[in-house]
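*Asks:* Contents of coords-v2.txt (compact mmCIF, C-alpha atoms):
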```txt
# COMPACT_ATOMS: atom_id res chain seq x y z
CA MET A 1 -9.35 -29.08 -59.20
CA ASN A 2 -8.57 -31.77 -56.59
CA ARG A 3 -5.70 -29.68 -55.27
CA GLY A 4 -7.89 -26.64 -55.06
CA GLN A 5 -10.58 -28.37 -53.07
CA ALA A 6 -8.20 -30.01 -50.63
CA SER A 7 -6.45 -26.76 -49.86
CA ILE A 8 -9.75 -25.01 -49.20
CA THR A 9 -10.38 -27.39 -46.32
CA ILE A 10 -6.93 -26.66 -44.93
CA VAL A 11 -7.45 -22.94 -45.43
CA GLU A 12 -10.79 -23.15 -43.61
CA ALA A 13 -9.26 -25.12 -40.78
CA GLY A 14 -6.37 -22.67 -40.65
CA ILE A 15 -8.75 -19.74 -40.40
CA GLY A 16 -10.65 -21.58 -37.68
CA ILE A 17 -7.47 -22.22 -35.73
CA LEU A 18 -6.40 -18.60 -36.10
CA LEU A 19 -9.77 -17.51 -34.77
CA LEU A 20 -9.52 -19.82 -31.79
CA LEU A 21 -5.92 -18.77 -31.10
CA GLY A 22 -7.08 -15.17 -31.26
CA ILE A 23 -9.67 -15.89 -28.60
CA THR A 24 -7.03 -17.69 -26.54
CA PHE A 25 -4.72 -14.70 -26.66
CA ALA A 26 -7.57 -12.42 -25.79
CA PHE A 27 -8.10 -14.42 -22.63
CA THR A 28 -4.46 -14.80 -21.69
CA LEU A 29 -3.39 -11.25 -22.50
CA GLY A 30 -6.59 -9.23 -22.58
CA VAL A 31 -8.03 -10.03 -19.16
CA PRO A 32 -6.51 -7.47 -16.81
CA SER A 33 -4.03 -9.35 -14.73
CA ALA A 34 -4.81 -9.84 -11.08
CA ASP A 35 -1.65 -7.95 -10.19
CA SER A 36 -2.62 -4.66 -11.76
CA ALA A 37 -6.09 -4.76 -10.21
CA LYS A 38 -4.53 -5.51 -6.83
CA THR A 39 -1.95 -2.75 -7.24
CA GLU A 40 -4.65 -0.23 -7.98
CA THR A 41 -6.78 -1.35 -5.04
CA GLN A 42 -3.80 -1.15 -2.73
CA LEU A 43 -2.72 2.28 -3.97
CA ASP A 44 -6.26 3.62 -3.58
CA ARG A 45 -6.23 2.45 0.03
CA TYR A 46 -2.88 4.15 0.62
CA ALA A 47 -4.21 7.41 -0.79
CA ASP A 48 -7.41 7.15 1.28
CA ASP A 49 -5.55 6.40 4.46
CA ALA A 50 -3.01 9.18 3.96
CA THR A 51 -5.67 11.83 3.32
CA THR A 52 -7.76 10.57 6.25
CA LEU A 53 -4.80 10.82 8.61
CA LEU A 54 -3.82 14.25 7.31
CA ALA A 55 -7.37 15.53 7.51
CA ASN A 56 -7.51 14.58 11.17
CA GLU A 57 -4.14 15.99 12.10
CA PRO A 58 -3.88 19.23 14.00
CA PRO A 59 -2.34 22.08 12.03
CA ARG A 60 1.06 23.51 12.72
CA HIS A 61 -0.04 27.09 13.15
CA GLN A 62 -3.65 27.95 12.64
CA ASP A 63 -6.96 26.82 11.22
CA GLN A 64 -8.65 23.59 12.14
CA THR A 65 -6.70 20.76 10.56
CA ARG A 66 -3.52 20.32 8.62
CA LEU A 67 -5.27 20.18 5.27
CA SER A 68 -7.47 23.19 5.84
CA GLU A 69 -4.37 25.07 6.93
CA ILE A 70 -2.60 24.47 3.64
CA THR A 71 -5.60 25.43 1.54
CA ALA A 72 -6.23 28.63 3.46
CA SER A 73 -4.14 31.01 1.36
CA GLN A 74 -1.13 31.25 -0.91
CA GLU A 75 1.02 32.39 2.04
CA ALA A 76 -0.14 29.49 4.17
CA PHE A 77 0.61 27.10 1.32
CA ASP A 78 4.10 28.50 0.75
CA ARG A 79 4.80 28.42 4.45
CA GLU A 80 3.57 24.87 5.03
CA LYS A 81 4.41 23.05 1.81
CA ASP A 82 7.82 21.68 2.76
CA GLU A 83 6.60 20.47 6.11
CA LEU A 84 3.51 18.89 4.60
CA ALA A 85 5.52 17.18 1.85
CA GLY A 86 7.73 15.72 4.56
CA ARG A 87 4.71 14.59 6.51
CA VAL A 88 3.05 12.90 3.52
CA ALA A 89 6.30 11.11 2.71
CA GLU A 90 6.49 10.01 6.31
CA ILE A 91 2.93 8.66 6.33
CA LEU A 92 3.22 6.76 3.05
CA PRO A 93 5.36 3.62 2.78
CA ASP A 94 8.90 4.19 1.53
CA ASN A 95 8.30 2.69 -1.92
CA VAL A 96 5.33 4.92 -2.67
CA MET A 97 5.66 8.33 -4.32
CA PHE A 98 2.99 10.98 -4.26
CA ARG A 99 1.64 14.17 -5.75
CA LEU A 100 -0.64 16.42 -3.79
CA GLU A 101 -2.68 19.07 -5.56
CA THR A 102 -4.36 22.07 -4.04
CA GLN A 103 -5.70 25.27 -5.56
CA TYR A 104 -2.53 27.10 -4.54
CA GLY A 105 0.00 24.68 -5.90
CA THR A 106 1.33 21.17 -6.05
CA LEU A 107 3.57 19.16 -3.77
CA GLY A 108 5.59 16.03 -4.33
CA TYR A 109 6.79 14.48 -7.56
CA PRO A 110 5.53 14.74 -11.13
CA LEU A 111 3.29 11.81 -12.01
CA PRO A 112 5.03 9.60 -14.59
CA ASP A 113 3.20 8.32 -17.66
CA ASP A 114 1.99 4.73 -17.80
CA VAL A 115 1.92 4.16 -14.10
CA THR A 116 -0.85 2.65 -12.02
CA ALA A 117 -1.88 5.25 -9.50
CA GLY A 118 -4.29 5.42 -6.62
CA GLU A 119 -6.06 8.64 -5.80
CA SER A 120 -8.16 10.27 -3.19
CA THR A 121 -9.79 13.67 -2.85
CA VAL A 122 -10.79 15.33 0.39
CA LEU A 123 -12.73 18.48 0.94
CA THR A 124 -11.63 21.07 3.45
CA PRO A 125 -13.49 24.26 4.37
CA ASN A 126 -11.13 26.16 2.09
CA GLY A 127 -10.94 23.91 -0.94
CA GLU A 128 -10.13 20.51 -2.35
CA VAL A 129 -6.99 18.49 -1.76
CA HIS A 130 -6.23 15.78 -4.28
CA LEU A 131 -3.63 13.11 -3.57
CA GLU A 132 -2.22 10.68 -6.11
CA VAL A 133 0.15 7.87 -5.13
CA TRP A 134 2.11 5.32 -7.13
CA TYR A 135 4.83 2.75 -6.65
CA ALA A 136 8.29 4.15 -7.20
CA MET B 137 -17.18 -27.52 -69.25
CA SER B 138 -20.40 -26.92 -71.02
CA ARG B 139 -22.08 -30.24 -70.42
CA SER B 140 -24.54 -30.61 -67.66
CA ARG B 141 -24.04 -32.96 -64.67
CA ASP B 142 -26.44 -35.53 -66.20
CA ASP B 143 -24.30 -35.84 -69.29
CA ILE B 144 -21.32 -37.28 -67.33
CA PRO B 145 -21.27 -41.05 -67.67
CA GLN B 146 -21.99 -42.98 -64.49
CA ALA B 147 -18.48 -44.44 -64.14
CA GLU B 148 -16.76 -41.15 -64.65
CA ARG B 149 -19.01 -39.44 -62.10
CA SER B 150 -18.38 -42.05 -59.43
CA ARG B 151 -14.62 -41.86 -60.01
CA GLN B 152 -14.73 -38.14 -59.80
CA ASN B 153 -16.79 -38.18 -56.58
CA SER B 154 -14.72 -40.80 -54.85
CA GLY B 155 -11.54 -39.14 -55.95
CA ARG B 156 -12.62 -35.82 -54.54
CA GLY B 157 -13.94 -37.37 -51.33
CA GLN B 158 -10.78 -39.36 -50.64
CA THR B 159 -8.47 -36.47 -51.25
CA GLU B 160 -10.44 -34.47 -48.71
CA LEU B 161 -10.83 -37.10 -46.05
CA PRO B 162 -7.32 -37.05 -44.51
CA ALA B 163 -7.20 -33.26 -44.81
CA LEU B 164 -10.59 -33.04 -43.17
CA GLY B 165 -9.50 -35.37 -40.40
CA ILE B 166 -6.32 -33.41 -39.75
CA ALA B 167 -8.22 -30.13 -39.91
CA PHE B 168 -10.74 -31.36 -37.36
CA LEU B 169 -7.92 -32.61 -35.16
CA PHE B 170 -6.21 -29.22 -35.22
CA LEU B 171 -9.46 -27.40 -34.64
CA THR B 172 -10.34 -29.63 -31.71
CA VAL B 173 -6.93 -29.15 -30.12
CA ALA B 174 -7.13 -25.37 -30.63
CA LEU B 175 -10.64 -25.33 -29.19
CA LEU B 176 -9.53 -27.29 -26.13
CA ILE B 177 -6.63 -24.90 -25.55
CA THR B 178 -8.96 -21.92 -25.86
CA VAL B 179 -11.54 -23.32 -23.47
CA ALA B 180 -8.81 -24.23 -20.97
CA ALA B 181 -7.27 -20.77 -21.21
CA ALA B 182 -10.63 -19.08 -20.81
CA ASP B 183 -11.47 -21.25 -17.84
CA THR B 184 -8.15 -20.51 -16.14
CA ALA B 185 -8.52 -16.80 -16.78
CA PHE B 186 -12.04 -16.70 -15.36
CA THR B 187 -11.28 -18.78 -12.30
CA ALA B 188 -8.18 -16.74 -11.51
CA ALA B 189 -10.02 -13.46 -11.99
CA ASP B 190 -12.95 -14.61 -9.87
CA ARG B 191 -10.82 -15.99 -7.10
CA ASP B 192 -8.56 -12.95 -6.94
CA ALA B 193 -11.45 -10.53 -7.05
CA ILE B 194 -13.30 -12.30 -4.26
CA GLU B 195 -10.19 -12.53 -2.10
CA ARG B 196 -9.26 -8.94 -2.78
CA GLN B 197 -12.76 -7.74 -1.99
CA ALA B 198 -12.79 -9.74 1.22
CA ALA B 199 -9.40 -8.35 2.27
CA VAL B 200 -10.38 -4.77 1.43
CA SER B 201 -13.69 -4.95 3.25
CA LEU B 202 -12.13 -6.59 6.31
CA SER B 203 -9.45 -3.88 6.46
CA ASP B 204 -12.12 -1.19 5.96
CA GLU B 205 -14.10 -2.62 8.85
CA LEU B 206 -11.06 -2.65 11.11
CA VAL B 207 -9.98 0.95 10.55
CA ASP B 208 -13.50 2.38 10.54
CA GLU B 209 -14.22 4.76 13.38
CA GLN B 210 -17.14 2.56 14.48
CA SER B 211 -14.86 -0.44 14.77
CA SER B 212 -14.10 -1.88 18.20
CA VAL B 213 -10.35 -1.57 17.63
CA ALA B 214 -10.31 2.01 16.33
CA ALA B 215 -10.37 5.19 18.36
CA ARG B 216 -11.07 7.34 15.31
CA GLN B 217 -10.96 6.74 11.59
CA ASN B 218 -7.56 5.12 10.85
CA VAL B 219 -6.43 5.52 14.44
CA LEU B 220 -6.13 2.25 16.29
CA ASN B 221 -6.50 1.64 19.97
CA GLU B 222 -3.64 -0.56 21.04
CA SER B 223 -5.31 -2.23 24.00
CA ALA B 224 -8.44 -3.04 21.98
CA LEU B 225 -6.25 -4.51 19.30
CA ASP B 226 -4.80 -6.95 21.82
CA GLN B 227 -8.34 -8.25 22.41
CA LEU B 228 -8.85 -9.00 18.72
CA SER B 229 -9.21 -12.66 17.79
CA GLY B 230 -10.13 -14.81 14.83
CA THR B 231 -13.64 -15.33 16.17
CA LYS B 232 -14.12 -11.59 16.57
CA LEU B 233 -13.05 -11.03 12.97
CA VAL B 234 -15.97 -13.22 11.89
CA GLU B 235 -18.51 -12.01 14.44
CA GLU B 236 -17.81 -8.28 14.53
CA HIS B 237 -15.87 -7.41 11.40
CA GLY B 238 -17.76 -9.28 8.73
CA LEU B 239 -15.21 -11.88 7.71
CA ASP B 240 -16.74 -14.87 5.91
CA ASP B 241 -16.42 -17.92 8.15
CA ASP B 242 -15.13 -19.98 5.20
CA HIS B 243 -12.25 -17.62 4.54
CA ALA B 244 -8.93 -17.83 6.31
CA ALA B 245 -7.42 -14.53 7.38
CA THR B 246 -4.58 -13.01 9.34
CA VAL B 247 -4.31 -9.47 10.66
CA GLN B 248 -0.88 -8.09 11.38
CA LEU B 249 0.29 -4.83 12.86
CA ASP B 250 3.83 -3.92 11.84
CA GLY B 251 4.52 -7.56 11.01
CA GLU B 252 3.23 -8.88 14.30
CA THR B 253 0.17 -11.11 14.09
CA VAL B 254 -2.70 -9.81 16.19
CA ALA B 255 -5.50 -12.08 15.00
CA GLU B 256 -5.80 -15.21 12.95
CA HIS B 257 -8.74 -17.13 11.57
CA GLY B 258 -8.08 -20.49 9.95
CA GLU B 259 -4.87 -21.20 8.16
CA VAL B 260 -3.62 -18.85 5.46
CA THR B 261 -1.44 -20.51 2.84
CA ASP B 262 -1.30 -17.81 0.21
CA GLY B 263 -3.99 -15.26 -0.43
CA THR B 264 -4.40 -11.58 -1.08
CA THR B 265 -2.85 -8.96 1.15
CA ILE B 266 -4.01 -5.39 1.66
CA GLU B 267 -1.99 -2.93 3.66
CA ARG B 268 -3.49 -0.01 5.52
CA ILE B 269 -1.72 2.96 7.00
CA VAL B 270 -2.92 3.60 10.51
CA SER B 271 -1.68 5.55 13.44
CA GLN B 272 -1.56 4.58 17.04
CA GLU B 273 -2.09 7.06 19.77
CA SER B 274 -0.40 7.15 23.11
CA TYR B 275 -0.58 9.86 25.74
CA GLU B 276 2.15 11.49 27.70
CA LEU B 277 1.79 13.86 30.61
CA GLU B 278 3.53 17.16 29.92
CA ARG B 279 4.23 19.85 32.47
CA LEU B 280 4.68 23.53 31.87
CA GLU B 281 5.73 26.24 34.33
CA PRO B 282 5.57 29.51 32.48
CA ALA B 283 7.68 32.50 33.41
CA PHE B 284 5.63 35.56 32.55
CA ALA B 285 7.49 38.40 30.91
CA ASP B 286 5.39 40.97 29.05
CA SER B 287 1.90 39.70 29.63
CA LEU B 288 0.30 37.21 31.95
CA SER B 289 -0.45 34.78 29.18
CA VAL B 290 0.80 31.45 27.98
CA SER B 291 0.08 29.52 24.80
CA LEU B 292 -0.07 25.77 25.11
CA PRO B 293 2.49 24.26 22.74
CA ARG B 294 0.22 21.34 21.88
CA ARG B 295 -3.48 21.00 21.38
CA THR B 296 -5.19 19.09 24.10
CA ASP B 297 -8.74 18.71 25.35
CA ALA B 298 -7.97 18.85 29.08
CA VAL B 299 -5.43 20.58 31.27
CA THR B 300 -4.86 20.63 34.99
CA LEU B 301 -4.03 24.10 36.18
CA THR B 302 -2.36 24.54 39.55
CA LEU B 303 -2.27 28.07 40.88
CA SER B 304 -0.03 28.86 43.81
CA PRO B 305 0.46 32.60 43.73
CA PRO B 306 3.00 34.09 46.15
CA PRO B 307 1.62 35.90 49.23
CA GLY B 308 0.24 39.29 48.34
CA THR B 309 -0.78 38.28 44.83
CA THR B 310 -4.40 37.65 43.95
CA VAL B 311 -5.35 35.80 40.76
CA ARG B 312 -8.84 37.00 39.88
CA SER B 313 -9.61 35.13 36.71
CA VAL B 314 -8.28 32.83 34.02
CA ARG B 315 -9.34 33.06 30.41
CA ALA B 316 -8.83 30.43 27.73
CA ASN B 317 -8.67 32.38 24.49
CA ASN B 318 -11.70 34.67 24.85
CA GLU B 319 -13.64 32.64 27.34
CA THR B 320 -13.42 33.10 31.09
CA VAL B 321 -12.95 29.67 32.58
CA LEU B 322 -12.11 30.49 36.20
CA LYS B 323 -13.16 33.53 38.21
CA SER B 324 -13.04 34.45 41.86
CA GLU B 325 -12.94 37.87 43.49
CA ASP B 326 -11.24 36.41 46.55
CA GLY B 327 -8.35 35.01 44.54
CA LEU B 328 -7.82 31.63 42.92
CA ASP B 329 -5.59 29.09 44.56
CA GLY B 330 -5.27 25.32 44.10
CA SER B 331 -5.81 22.85 41.26
CA PHE B 332 -8.43 23.22 38.57
CA GLU B 333 -9.45 20.97 35.70
CA LEU B 334 -10.15 22.81 32.47
CA SER B 335 -11.67 21.34 29.36
CA LEU B 336 -10.55 22.93 26.13
CA SER B 337 -11.15 22.61 22.43
CA THR B 338 -8.67 20.75 20.26
CA LEU B 339 -9.77 22.71 17.22
CA SER B 340 -7.73 25.77 18.07
CA THR B 341 -4.52 26.61 19.82
CA THR B 342 -5.27 27.65 23.38
CA THR B 343 -3.79 30.68 25.06
CA LEU B 344 -4.40 31.05 28.78
CA TRP B 345 -4.64 34.58 30.13
CA PHE B 346 -4.31 35.33 33.81
CA GLU B 347 -5.63 38.39 35.50
CA ALA B 348 -3.73 39.00 38.68
CA ALA B 349 -2.88 41.79 41.06
CA GLY B 350 0.73 41.48 42.18
CA SER B 351 3.79 39.70 40.84
CA MET B 352 3.64 36.27 39.25
CA PRO B 353 7.08 34.67 39.43
CA ARG B 354 7.88 31.37 37.73
CA GLY B 355 6.25 28.53 39.59
CA SER B 356 3.09 30.35 40.56
CA VAL B 357 1.32 28.69 37.65
CA GLU B 358 1.78 25.07 36.73
CA ILE B 359 0.04 23.51 33.75
CA GLU B 360 -0.23 19.79 33.19
CA TYR B 361 -1.74 18.32 30.07
CA LEU B 362 -1.87 15.09 28.11
CA ALA B 363 0.08 15.37 24.91
CA THR B 364 -0.90 12.94 22.19
CA GLU B 365 1.92 11.09 20.53
CA THR B 366 0.97 9.46 17.28
CA GLN B 367 2.96 6.67 15.79
CA LYS B 368 2.53 5.44 12.26
CA SER B 369 1.94 1.72 11.74
CA THR B 370 1.01 -0.63 8.97
CA LEU B 371 -2.01 -2.87 9.33
CA THR B 372 -1.73 -5.88 7.06
CA VAL B 373 -4.80 -7.94 6.27
CA THR B 374 -4.42 -11.19 4.35
CA VAL B 375 -7.42 -13.19 3.22
CA ASP B 376 -7.23 -16.66 1.73
CA GLU B 377 -10.35 -18.08 0.16
```
With the file now loaded, output its structure as structure tokens.
*Replies:*
Amino acid sequence: MNRGQASITIVEAGIGILLLLGITFAFTLGVPSADSAKTETQLDRYADDATTLLANEPPRHQDQTRLSEITASQEAFDREKDELAGRVAEILPDNVMFRLETQYGTLGYPLPDDVTAGESTVLTPNGEVHLEVWYA
Amino acid sequence: MSRSRDDIPQAERSRQNSGRGQTELPALGIAFLFLTVALLITVAAADTAFTAADRDAIERQAAVSLSDELVDEQSSVAARQNVLNESALDQLSGTKLVEEHGLDDDHAATVQLDGETVAEHGEVTDGTTIERIVSQESYELERLEPAFADSLSVSLPRRTDAVTLTLSPPPGTTVRSVRANNETVLKSEDGLDGSFELSLSTLSTTTLWFEAAGSMPRGSVEIEYLATETQKSTLTVTVDE
């Protein structure tokens, strides 16, 4: 009976400690680390800046801007896609990969799983252009 | 045990109580010690996590909003959205960051363009850095002397908002009018000769059409325009709380 009662105290204390350790781990591991929040913020800025620059760039052949040119038609997309992919890669920093989606097709690289990505969508007279960027 | 508590003799009860109490006391003490230590660790961890999160978030927000202010088209250093004006950027200073671009006076900050510091406010030891992709514009005068083959027309290879057109047709040739795409921009029944400033739209490629009686050899039309060269740069904004 003595043994039983003593061990209950220890068991209670043990449970208490486990609870507190659980809370500790929640704080140390569960709070999103500053790095991932910063990475996402930075990548969002990259995506914003890239689409802003592209949206203000003159087109190569016709239409009003580079992005409205590529969303004009399937032929325009097929004609311009390699050039545009080169241009996006040129605008973005070297360690950033991208994927650009339009209604006529997709440019760039497939988005890997489990990667922090920044994104930006711009409207053109002909349709939407969606850009996703992530660190390679 | 079927007897009630009152049936236990006084001596036996006191022995039992004291025995139970003393067995528990060290265990209780140790348990409290452990709990206190665990509690302290938890509170410390929580405090660190919150301070770090707060500090980082504030710094990051400050850096993002400062960089947003700088690349905004209304900003004093930007020509258009994300396009910086190089000469205005040279005028940028730490005081201007606070007065015009909304930097908190208590925060230290540096602004760099391609690794070169353009403005500094206070002393940055560490801090949060945000990079922006911007382009810088410079202008270059281009000259074009078209040789007309099939038609008296020439498409400008670059979009520009202003061209200087110099017409010097050979004797016997009269240039009656000049059209930019479908719009007549110059017209004279007596013949056009000399330099003319034309303003054009940058939203479409311009083709100039000439209406002339007589031959137009190379050199009778000279077109000068400002071609925009854009150069990509990285604007780095670091804010230290």
*Asks:* Using all atoms listed in the file, list the residues that have an atom at most 10 Å from (-10.4, 22.1, 2.9), coordinates as in the file, as number ranges by chain.
*Replies:* A: 55, 64-72, 102, 122-129
*Asks:* Excluding region 223-226 of chain B and residues on its chain fewer than 6 positions from it, collect all residues at most 7 Å away from it, counting all atoms listed in the file, and give them as JSON, numbers by chain.
*Replies:* {"B": [212, 213, 254]}
*Asks:* Have a look at B:Ala255, B:Leu303, B:Ala316, B:Val200 and name the one nearest to chain A; count all atoms listed in the file.
*Replies:*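 For chain A, the nearest of the candidates is B:Val200.
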*Asks:* What is the distance between CA of Leu301 (chain B) and CA of Glu222 (chain B), in Å to one decimal?
*Replies:* 28.9 Å
*Asks:* Using all atoms listed in the file, pick whichever of A:Leu21, A:Leu53, A:Ala136, A:Leu43 has the shortest atom-to-atom distance to Glu90 (chain A).
*Replies:* A:Leu53
*Asks:* Need to verify the contact set: Thr116 (chain A), 8 Å, all atoms listed in the file, exclusion of same-chain residues closer than 4 positions in sequence. Can you return it as a count of residues only?
*Replies:* 5
